[in-house]
$ cat data-v3.tsv   # TSV, C-alpha atoms
chain	number	residue	atom	x	y	z
W	156	MET	CA	46.23	208.50	111.56
W	157	LYS	CA	43.83	206.98	109.01
W	158	LEU	CA	40.13	207.69	108.87
W	159	GLY	CA	37.81	204.84	107.87
W	160	ARG	CA	35.40	205.35	105.00
W	161	ASN	CA	32.38	204.85	107.22
W	162	GLU	CA	33.58	206.89	110.20
W	163	PRO	CA	32.15	210.37	110.85
W	164	CYS	CA	34.09	212.97	108.89
W	165	HIS	CA	36.37	215.16	111.01
W	166	CYS	CA	34.98	218.34	109.45
W	167	GLY	CA	31.95	218.05	111.73
W	168	SER	CA	29.34	217.76	108.99
W	169	GLY	CA	27.88	214.62	110.58
W	170	LYS	CA	28.34	212.68	107.32
W	171	LYS	CA	30.45	209.60	106.74
W	172	PHE	CA	33.98	210.35	105.52
W	173	LYS	CA	33.32	208.64	102.17
W	174	ARG	CA	30.43	211.01	101.51
W	175	CYS	CA	32.15	214.16	102.72
W	176	CYS	CA	35.76	215.36	102.57
W	177	MET	CA	37.02	212.06	101.18
W	178	SER	CA	35.77	213.24	97.79
W	179	SER	CA	38.10	216.23	98.01
W	180	VAL	CA	41.14	214.64	99.60
W	181	PHE	CA	41.19	211.65	97.28
W	182	LYS	CA	39.48	212.96	94.12
W	183	GLN	CA	42.62	212.23	92.06
W	184	HIS	CA	42.31	208.51	92.71
W	185	GLY	CA	39.79	207.91	89.93
W	186	GLN	CA	42.62	208.28	87.42
W	187	VAL	CA	44.60	205.66	89.31
W	188	PHE	CA	42.01	202.97	88.71
W	189	ASP	CA	41.68	203.99	85.06
W	190	ASP	CA	45.43	203.46	84.70
W	191	ILE	CA	45.21	200.02	86.32
W	192	GLU	CA	42.41	198.99	83.97
W	193	ALA	CA	44.50	200.15	81.03
W	194	MET	CA	47.41	198.09	82.33
W	195	GLN	CA	45.23	194.98	82.49
W	196	ALA	CA	43.99	195.58	78.95
W	197	THR	CA	47.45	195.99	77.42
W	198	LYS	CA	49.45	193.44	79.40
W	199	GLN	CA	48.53	189.80	79.20
W	200	ASN	CA	48.70	187.41	82.19
W	201	VAL	CA	49.36	190.15	84.71
W	202	THR	CA	49.51	188.68	88.24
W	203	LEU	CA	47.68	189.89	91.30
W	204	ASP	CA	50.98	190.82	92.94
W	205	GLU	CA	51.92	192.93	89.93
W	206	LEU	CA	48.55	194.67	90.02
W	207	ASN	CA	48.88	195.37	93.74
W	208	ALA	CA	52.39	196.74	93.27
W	209	ALA	CA	51.27	198.93	90.40
W	210	LEU	CA	48.26	200.15	92.36
W	211	GLN	CA	50.39	200.97	95.40
W	212	HIS	CA	52.87	202.88	93.25
W	213	LYS	CA	50.12	204.81	91.44
W	214	VAL	CA	48.31	205.75	94.67
W	215	GLN	CA	51.54	206.86	96.32
W	216	ASP	CA	52.48	208.93	93.30
W	217	CYS	CA	48.99	210.46	93.18
W	218	ASN	CA	49.04	211.34	96.87
W	219	ASN	CA	52.37	213.12	96.48
W	220	GLN	CA	51.33	215.30	93.56
W	221	PRO	CA	50.46	218.95	94.33
W	222	HIS	CA	46.69	219.43	94.10
W	223	PRO	CA	45.39	222.71	92.65
W	224	ASP	CA	42.27	222.63	94.83
W	225	PHE	CA	44.58	222.60	97.86
W	226	CYS	CA	46.64	225.57	96.64
W	227	GLY	CA	49.44	223.18	95.71
W	228	VAL	CA	49.43	221.04	98.85
W	229	THR	CA	49.50	217.31	98.14
W	230	PRO	CA	46.79	214.95	99.42
W	231	THR	CA	49.40	213.36	101.70
W	232	GLN	CA	50.24	216.72	103.22
W	233	MET	CA	46.59	217.68	103.53
W	234	ALA	CA	45.71	214.40	105.24
W	235	ASN	CA	48.38	215.11	107.85
W	236	TRP	CA	47.09	218.64	108.42
W	237	LEU	CA	43.50	217.45	108.77
W	238	TYR	CA	43.92	214.40	110.97
W	239	ALA	CA	47.32	214.31	112.70
W	240	PRO	CA	47.58	215.17	116.41
W	241	PHE	CA	49.09	218.55	117.26
W	242	ASP	CA	52.54	217.11	118.02
W	243	GLU	CA	52.62	215.02	114.82
W	244	LEU	CA	51.95	217.78	112.29
W	245	GLN	CA	54.40	217.88	109.39
W	246	TRP	CA	55.58	220.55	106.96
W	247	VAL	CA	55.28	223.14	109.72
W	248	THR	CA	57.44	223.92	112.71
W	249	ILE	CA	55.55	225.22	115.75
W	250	SER	CA	57.82	227.08	118.15
W	251	THR	CA	57.39	228.88	121.44
W	252	PRO	CA	58.41	232.49	120.72
W	253	ASP	CA	61.27	233.90	122.74
W	254	ILE	CA	59.15	236.90	123.76
W	255	LEU	CA	55.51	236.30	124.75
W	256	SER	CA	54.61	239.75	126.04
W	257	ALA	CA	52.50	240.44	122.93
W	258	ASN	CA	50.38	237.33	123.46
W	259	LEU	CA	47.37	238.37	125.53
W	260	VAL	CA	46.32	234.77	126.29
W	261	ILE	CA	49.68	234.05	127.89
W	262	ARG	CA	49.73	237.40	129.70
W	263	TYR	CA	46.27	236.75	131.17
W	264	LEU	CA	47.32	233.24	132.15
W	265	THR	CA	50.32	234.75	133.94
W	266	LEU	CA	47.98	236.97	135.97
W	267	ILE	CA	45.88	233.95	136.94
W	268	LEU	CA	48.88	231.85	137.94
W	269	ASP	CA	50.56	234.67	139.87
W	270	GLU	CA	47.33	235.39	141.75
W	271	ALA	CA	47.18	231.76	142.82
W	272	MET	CA	50.86	231.35	143.59
W	273	THR	CA	50.80	234.24	146.05
W	274	GLN	CA	48.02	232.42	147.94
W	275	ASP	CA	49.44	228.91	148.20
W	276	GLY	CA	48.14	227.82	144.78
W	277	SER	CA	44.51	228.99	144.84
W	278	PHE	CA	42.25	232.03	145.04
W	279	LYS	CA	38.57	232.60	145.66
W	280	ALA	CA	36.15	232.79	142.72
W	281	THR	CA	33.14	235.09	142.58
W	282	SER	CA	29.72	233.83	143.60
W	283	LYS	CA	29.06	233.09	139.89
W	284	GLY	CA	32.28	231.13	139.62
W	285	ASN	CA	34.16	233.81	137.69
W	286	LEU	CA	37.60	235.31	138.16
W	287	PRO	CA	37.70	237.96	140.91
W	288	ALA	CA	37.26	241.67	140.15
W	289	ASN	CA	40.83	242.62	141.04
W	290	LEU	CA	42.20	240.16	138.47
W	291	VAL	CA	39.77	241.44	135.81
W	292	LYS	CA	40.96	244.99	136.52
W	293	GLN	CA	44.60	243.97	136.12
W	294	ALA	CA	43.79	242.31	132.79
W	295	CYS	CA	42.00	245.45	131.56
W	296	GLU	CA	45.03	247.56	132.40
W	297	LEU	CA	47.18	245.47	130.07
W	298	LEU	CA	45.17	246.45	126.99
W	299	PRO	CA	47.44	249.33	125.84
W	300	GLU	CA	50.31	246.86	125.60
W	301	PHE	CA	48.56	244.65	123.01
W	302	ALA	CA	48.14	245.12	119.26
W	303	VAL	CA	44.39	244.60	119.00
W	304	ALA	CA	41.96	246.20	116.58
W	305	GLN	CA	39.64	248.33	118.67
W	306	PHE	CA	36.58	250.33	117.76
W	307	PRO	CA	37.38	254.07	117.53
W	308	THR	CA	35.37	254.72	120.69
W	309	ASN	CA	35.11	252.70	123.89
W	310	ILE	CA	31.95	250.64	123.44
W	311	SER	CA	30.56	247.80	125.49
W	312	ILE	CA	31.07	245.01	122.93
W	313	SER	CA	34.86	245.18	123.04
W	314	GLU	CA	36.39	241.70	123.35
W	315	PHE	CA	39.38	242.98	125.30
W	316	ALA	CA	38.01	244.79	128.34
W	317	GLY	CA	35.09	244.57	130.76
W	318	SER	CA	33.94	245.24	134.30
W	319	ASN	CA	33.79	241.51	135.02
W	320	GLU	CA	34.70	238.23	133.36
W	321	ASP	CA	31.25	237.86	131.79
W	322	LYS	CA	31.87	241.02	129.77
W	323	PHE	CA	35.50	240.31	128.96
W	324	ASN	CA	35.58	237.62	126.27
W	325	ALA	CA	39.34	237.40	125.79
W	326	LEU	CA	39.94	236.89	129.51
W	327	HIS	CA	37.10	234.38	129.79
W	328	TYR	CA	38.52	232.52	126.78
W	329	THR	CA	41.90	232.32	128.53
W	330	ARG	CA	40.38	231.01	131.75
W	331	VAL	CA	38.44	228.32	129.88
W	332	LEU	CA	41.57	227.28	127.97
W	333	ALA	CA	43.52	227.05	131.21
W	334	GLU	CA	40.86	224.69	132.56
W	335	VAL	CA	40.62	222.45	129.48
W	336	SER	CA	44.44	222.37	129.34
W	337	GLY	CA	44.50	220.95	132.87
W	338	ILE	CA	46.45	223.87	134.31
W	339	ILE	CA	43.75	225.12	136.70
W	340	TYR	CA	40.52	223.72	138.09
W	341	GLN	CA	37.63	225.03	140.14
W	342	ARG	CA	36.57	223.41	143.41
W	343	SER	CA	34.76	224.58	146.55
W	344	GLY	CA	34.39	228.14	145.29
W	345	CYS	CA	38.08	228.57	144.49
W	346	TYR	CA	40.38	228.30	141.51
W	347	HIS	CA	43.34	226.01	142.08
W	348	VAL	CA	46.52	225.58	140.06
W	349	LYS	CA	47.38	221.90	139.75
W	350	LYS	CA	50.43	220.85	141.76
W	351	SER	CA	52.21	219.66	138.63
W	352	ALA	CA	51.52	223.00	136.92
W	353	GLN	CA	52.84	224.89	139.96
W	354	LYS	CA	56.11	222.98	139.79
W	355	GLN	CA	56.33	223.49	136.04
W	356	TYR	CA	55.69	227.22	136.40
W	357	GLN	CA	58.36	227.56	139.06
W	358	ALA	CA	60.89	225.58	137.05
W	359	GLU	CA	60.23	226.75	133.48
W	360	GLY	CA	58.14	229.89	133.71
W	361	ILE	CA	55.12	230.80	131.59
W	362	ARG	CA	56.74	229.50	128.39
W	363	ALA	CA	55.95	225.96	129.55
W	364	PHE	CA	52.25	226.54	128.92
W	365	PHE	CA	52.33	228.14	125.46
W	366	LYS	CA	52.09	224.93	123.42
W	367	PRO	CA	49.66	223.12	125.75
W	368	MET	CA	47.33	226.13	125.67
W	369	LEU	CA	47.67	226.40	121.88
W	370	ALA	CA	46.96	222.69	121.43
W	371	ALA	CA	43.89	222.99	123.65
W	372	ALA	CA	42.64	225.98	121.64
W	373	ILE	CA	42.83	223.88	118.48
W	374	SER	CA	41.62	220.48	119.61
W	375	LYS	CA	39.65	220.81	122.87
W	376	TYR	CA	38.04	224.25	122.94
W	377	ASN	CA	34.64	224.65	121.23
W	378	TRP	CA	35.13	227.38	118.63
W	379	GLY	CA	31.42	228.12	118.57
W	380	TYR	CA	31.24	228.79	122.31
W	381	LEU	CA	31.22	232.60	122.24
W	382	ASP	CA	29.59	233.45	118.90
W	383	GLY	CA	26.04	232.20	119.43
W	384	PHE	CA	25.59	230.89	115.88
W	385	GLU	CA	23.46	227.77	115.61
W	386	TYR	CA	25.66	226.14	112.98
W	387	ASP	CA	27.22	222.96	114.31
W	388	ILE	CA	30.16	223.09	111.90
W	389	ASP	CA	33.63	222.36	113.20
W	390	LEU	CA	36.31	224.42	111.47
W	391	ARG	CA	39.11	223.15	113.69
W	392	PRO	CA	40.33	220.37	111.35
W	393	PHE	CA	41.12	223.05	108.74
W	394	TRP	CA	42.95	225.44	111.07
W	395	LEU	CA	46.46	224.81	109.75
W	396	PHE	CA	45.45	225.06	106.09
W	397	MET	CA	43.62	228.33	106.87
W	398	LEU	CA	46.57	229.65	108.85
W	399	TRP	CA	48.96	228.88	106.01
W	400	ARG	CA	46.75	230.64	103.49
W	401	ILE	CA	45.95	233.77	105.54
W	402	GLN	CA	49.65	234.16	106.28
W	403	SER	CA	50.26	234.10	102.52
W	404	HIS	CA	47.84	236.78	101.37
W	405	ASN	CA	46.06	238.39	104.40
W	406	SER	CA	42.65	238.41	102.65
W	407	VAL	CA	39.63	236.92	104.42
W	408	ASP	CA	37.62	236.83	101.18
W	409	GLN	CA	40.36	234.91	99.39
W	410	LEU	CA	40.68	232.56	102.35
W	411	VAL	CA	36.97	231.75	102.21
W	412	GLU	CA	37.23	231.02	98.48
W	413	GLU	CA	40.17	228.69	99.08
W	414	VAL	CA	38.35	226.82	101.85
W	415	MET	CA	35.26	226.39	99.63
W	416	THR	CA	37.42	225.08	96.79
W	417	ALA	CA	39.38	222.66	98.97
W	418	PHE	CA	36.39	221.44	101.03
W	419	PRO	CA	33.22	222.06	98.97
W	420	ASP	CA	31.12	219.71	101.09
W	421	LEU	CA	31.28	222.23	103.95
W	422	LEU	CA	28.69	224.34	102.12
W	423	GLN	CA	26.19	221.47	102.23
W	424	SER	CA	26.24	221.60	106.03
W	425	PHE	CA	24.39	224.90	106.19
W	426	PRO	CA	20.55	224.94	106.23
W	427	GLU	CA	18.99	225.80	102.89
W	428	ASP	CA	16.34	228.08	104.42
W	429	ASP	CA	18.84	230.29	106.24
W	430	ASP	CA	18.80	234.08	105.83
W	431	PHE	CA	22.29	233.99	104.29
W	432	SER	CA	23.73	231.95	101.46
W	433	SER	CA	25.95	229.02	102.40
W	434	GLU	CA	28.95	230.97	101.13
W	435	ARG	CA	28.09	233.98	103.30
W	436	SER	CA	27.44	231.80	106.35
W	437	LEU	CA	30.81	230.08	105.94
W	438	SER	CA	32.51	233.46	105.63
W	439	ILE	CA	30.89	234.65	108.87
W	440	LEU	CA	32.02	231.53	110.72
W	441	ILE	CA	35.59	231.73	109.46
W	442	GLU	CA	35.93	235.37	110.42
W	443	SER	CA	34.27	234.97	113.82
W	444	ARG	CA	35.69	231.65	114.96
W	445	PHE	CA	39.07	231.52	113.24
W	446	ILE	CA	40.15	235.12	112.63
W	447	GLU	CA	38.63	237.05	115.54
W	448	ARG	CA	38.49	234.51	118.35
W	449	PHE	CA	41.50	232.41	117.58
W	450	LEU	CA	44.15	234.32	115.65
W	451	GLN	CA	43.33	237.70	117.15
W	452	PHE	CA	42.97	236.44	120.74
W	453	TRP	CA	46.42	234.85	120.40
W	454	GLY	CA	48.04	238.03	119.11
W	455	PHE	CA	48.76	236.51	115.70
W	456	VAL	CA	46.74	239.03	113.62
W	457	THR	CA	44.51	242.06	113.92
W	458	ILE	CA	41.42	242.85	111.86
W	459	ASP	CA	39.31	246.00	111.77
W	460	PRO	CA	36.12	245.31	113.80
W	461	ARG	CA	34.17	247.76	111.65
W	462	ARG	CA	32.47	246.12	108.70
W	463	TYR	CA	31.23	249.40	107.25
W	464	LEU	CA	32.79	252.86	107.11
W	465	ASN	CA	30.77	255.79	105.76
W	466	ALA	CA	28.17	253.29	104.51
W	467	GLU	CA	30.82	251.46	102.46
W	468	PRO	CA	31.98	247.89	103.23
W	469	VAL	CA	35.39	247.62	104.83
W	470	ALA	CA	37.74	245.17	103.11
W	471	ARG	CA	38.22	242.14	105.35
W	472	VAL	CA	42.01	242.11	105.46
W	473	VAL	CA	44.12	240.99	108.41
W	474	GLN	CA	47.40	242.43	109.56
W	475	VAL	CA	49.76	239.56	110.30
W	476	LEU	CA	51.75	240.29	113.46
W	477	PRO	CA	55.33	239.13	114.18
W	478	LEU	CA	54.16	236.63	116.79
W	479	LEU	CA	52.51	234.48	114.10
W	480	LYS	CA	55.69	234.16	112.06
W	481	HIS	CA	57.71	233.50	115.19
W	482	THR	CA	55.35	230.65	116.07
W	483	PHE	CA	54.69	228.97	112.72
W	484	GLN	CA	57.28	228.30	110.04
W	485	PHE	CA	55.90	226.43	107.02
W	486	THR	CA	58.02	224.27	104.74
W	487	ILE	CA	55.32	223.63	102.15
W	488	ASN	CA	56.58	224.04	98.59
W	489	ALA	CA	53.63	225.56	96.77

$ encode --input "data-v3.tsv" --output "structure tokens"
Amino acid sequence: MKLGRNEPCHCGSGKKFKRCCMSSVFKQHGQVFDDIEAMQATKQNVTLDELNAALQHKVQDCNNQPHPDFCGVTPTQMANWLYAPFDELQWVTISTPDILSANLVIRYLTLILDEAMTQDGSFKATSKGNLPANLVKQACELLPEFAVAQFPTNISISEFAGSNEDKFNALHYTRVLAEVSGIIYQRSGCYHVKKSAQKQYQAEGIRAFFKPMLAAAISKYNWGYLDGFEYDIDLRPFWLFMLWRIQSHNSVDQLVEEVMTAFPDLLQSFPEDDDFSSERSLSILIESRFIERFLQFWGFVTIDPRRYLNAEPVARVVQVLPLLKHTFQFTINA
């Protein structure tokens, strides 16, 4: 999938591609045109076809050279990771793990589907349109089975428990994903499981919905929905690059540095008069939207929710869980 120079950049900055990430993805190309000019100067009577062939060869060679700003990924590989649809991504194999019991999103989805299937495919929502209290209670009771980083005491801002859906972010996230995935829908005060999803669930089980839910989390769900930050900056195009890097070293600080190096124009998207520096704002977004409410909700990593301990900053390091490695196998040589 190619992106035109004058189309809006996929990073969400609002700028045209040629004035945004194009400068990073194709920054090696300046040397290509210098080489072509040198060829014209040294070779007499060069034809247009020869120039085109030489240019095509040089560009292809340039695109397939590891780029240090991309941690050794080539521009060709990076272009695929940024712009290809979920089912056309290369240099990574995305699998449905054999065991999904550690994935809280899939476990919560199972509760929702089972609740509906025992009632002919639907169940009544609350007056606010939320999941019913009995289902919320069942989801809360699953918490001891998950590897999630909890505060040392039971406090109200936990993402993984709550007295109702409004106070239970991980469950609410799952319900929203199920809707945007086209698995369930709300009508006439009830939640309904689509007929096609019912048949799929009966025939294939919950595994059938792992990849559709994951694809929706990456491409359809608004990552800024639950955090309340005003920054309209879309990190989703960079999710696979960030996943590859965090799996390599586990450090949030190093990840932020790598994202800033690979995509420096992201920093220009933050307001200059903000309370934090652009670097700090980007770090907050990556940790909130990518680490905490994507990787952690999916059971791929855990991260200590405490930022300070005994007045000292806590190192922002993730613990990569087996489910991540069972889902993503990279074949990047870098």

$ residues_around --input "data-v3.tsv" --residues "region 271-278 of chain W" --least-positions-apart "3" --cutoff "6 Å" --atoms "all atoms listed in the file" --output "list in words"
Leu268, Cys345, Tyr346, His347 and Val348 of chain W

$ residues_around --input "data-v3.tsv" --residues "Pro240 (chain W)" --least-positions-apart "5" --cutoff "12 Å" --atoms "only C-alpha atoms" --output "list of chain:residue names"
W:Met156, W:Lys157, W:Ala234, W:Asn235, W:Gln245, W:Ala370, W:Ala371, W:Ile373, W:Ser374, W:Lys375, W:Arg391, W:Pro392, W:Leu395

$ atom_distance --input "data-v3.tsv" --atom1 "CA of Asn258 (chain W)" --atom2 "CA of Gly454 (chain W)"
5.0 Å

$ closest_residue --input "data-v3.tsv" --among "W:Leu297, W:Arg342, W:Leu264, W:Gly379" --to "Tyr356 (chain W)" --atoms "only C-alpha atoms"
W:Leu264

$ closest_residue --input "data-v3.tsv" --among "W:Thr486, W:Thr265, W:Thr457, W:Gln423" --to "Ala363 (chain W)" --atoms "only C-alpha atoms"
W:Thr265

$ closest_residue --input "data-v3.tsv" --among "W:Ala417, W:Cys295, W:Leu237, W:Val303" --to "Asp459 (chain W)" --atoms "all atoms listed in the file"
W:Val303

$ closest_residue --input "data-v3.tsv" --among "W:Pro230, W:Gly344, W:Pro299, W:Gly317" --to "Lys279 (chain W)" --atoms "all atoms listed in the file"
W:Gly344

$ axis_aligned_box --input "data-v3.tsv" --around "region 242-248 of chain W" --padding-each-side "6 Å" --output "AutoDock Vina command-line options"
--center_x 54.7 --center_y 219.5 --center_z 112.5 --size_x 17.5 --size_y 20.9 --size_z 23.1

$ atom_distance --input "data-v3.tsv" --atom1 "CA of Glu243 (chain W)" --atom2 "CA of Val414 (chain W)"
22.6 Å

$ closest_residue --input "data-v3.tsv" --among "W:Leu255, W:Ile361, W:Ile267, W:Leu479" --to "Leu398 (chain W)" --atoms "only C-alpha atoms"
W:Leu479

$ decode --input "data-v3.tsv" --residues "region 267-278 of chain W" --atoms "N, CA, C and O atoms" --output "compact mmCIF listing (two decimals), in the first residue's frame"
# COMPACT_ATOMS: atom_id res chain seq x y z
N ILE W 267 -18.91 -12.69 28.09
CA ILE W 267 -19.97 -11.97 27.38
C ILE W 267 -20.71 -12.91 26.43
O ILE W 267 -21.96 -12.94 26.40
N LEU W 268 -19.96 -13.70 25.68
CA LEU W 268 -20.59 -14.61 24.72
C LEU W 268 -21.39 -15.70 25.43
O LEU W 268 -22.52 -16.03 25.01
N ASP W 269 -20.84 -16.25 26.50
CA ASP W 269 -21.56 -17.31 27.22
C ASP W 269 -22.85 -16.78 27.84
O ASP W 269 -23.88 -17.48 27.86
N GLU W 270 -22.79 -15.55 28.35
CA GLU W 270 -23.99 -14.94 28.94
C GLU W 270 -25.09 -14.83 27.88
O GLU W 270 -26.26 -15.10 28.15
N ALA W 271 -24.69 -14.45 26.67
CA ALA W 271 -25.68 -14.30 25.60
C ALA W 271 -26.16 -15.66 25.09
O ALA W 271 -27.36 -15.84 24.83
N MET W 272 -25.25 -16.59 24.96
CA MET W 272 -25.62 -17.88 24.37
C MET W 272 -26.59 -18.67 25.24
O MET W 272 -27.37 -19.47 24.74
N THR W 273 -26.54 -18.42 26.55
CA THR W 273 -27.49 -19.11 27.44
C THR W 273 -28.87 -18.47 27.39
O THR W 273 -29.82 -18.99 27.99
N GLN W 274 -28.97 -17.32 26.68
CA GLN W 274 -30.26 -16.62 26.60
C GLN W 274 -30.62 -16.35 25.13
O GLN W 274 -31.03 -15.24 24.77
N ASP W 275 -30.41 -17.35 24.32
CA ASP W 275 -30.78 -17.26 22.89
C ASP W 275 -30.06 -16.14 22.15
O ASP W 275 -30.63 -15.51 21.25
N GLY W 276 -28.82 -15.83 22.56
CA GLY W 276 -28.00 -14.89 21.79
C GLY W 276 -28.03 -13.45 22.25
O GLY W 276 -27.44 -12.59 21.59
N SER W 277 -28.67 -13.14 23.38
CA SER W 277 -28.70 -11.75 23.84
C SER W 277 -28.93 -11.70 25.34
O SER W 277 -29.35 -12.68 25.95
N PHE W 278 -28.62 -10.56 25.94
CA PHE W 278 -28.91 -10.33 27.36
C PHE W 278 -29.17 -8.85 27.57
O PHE W 278 -28.74 -7.99 26.77
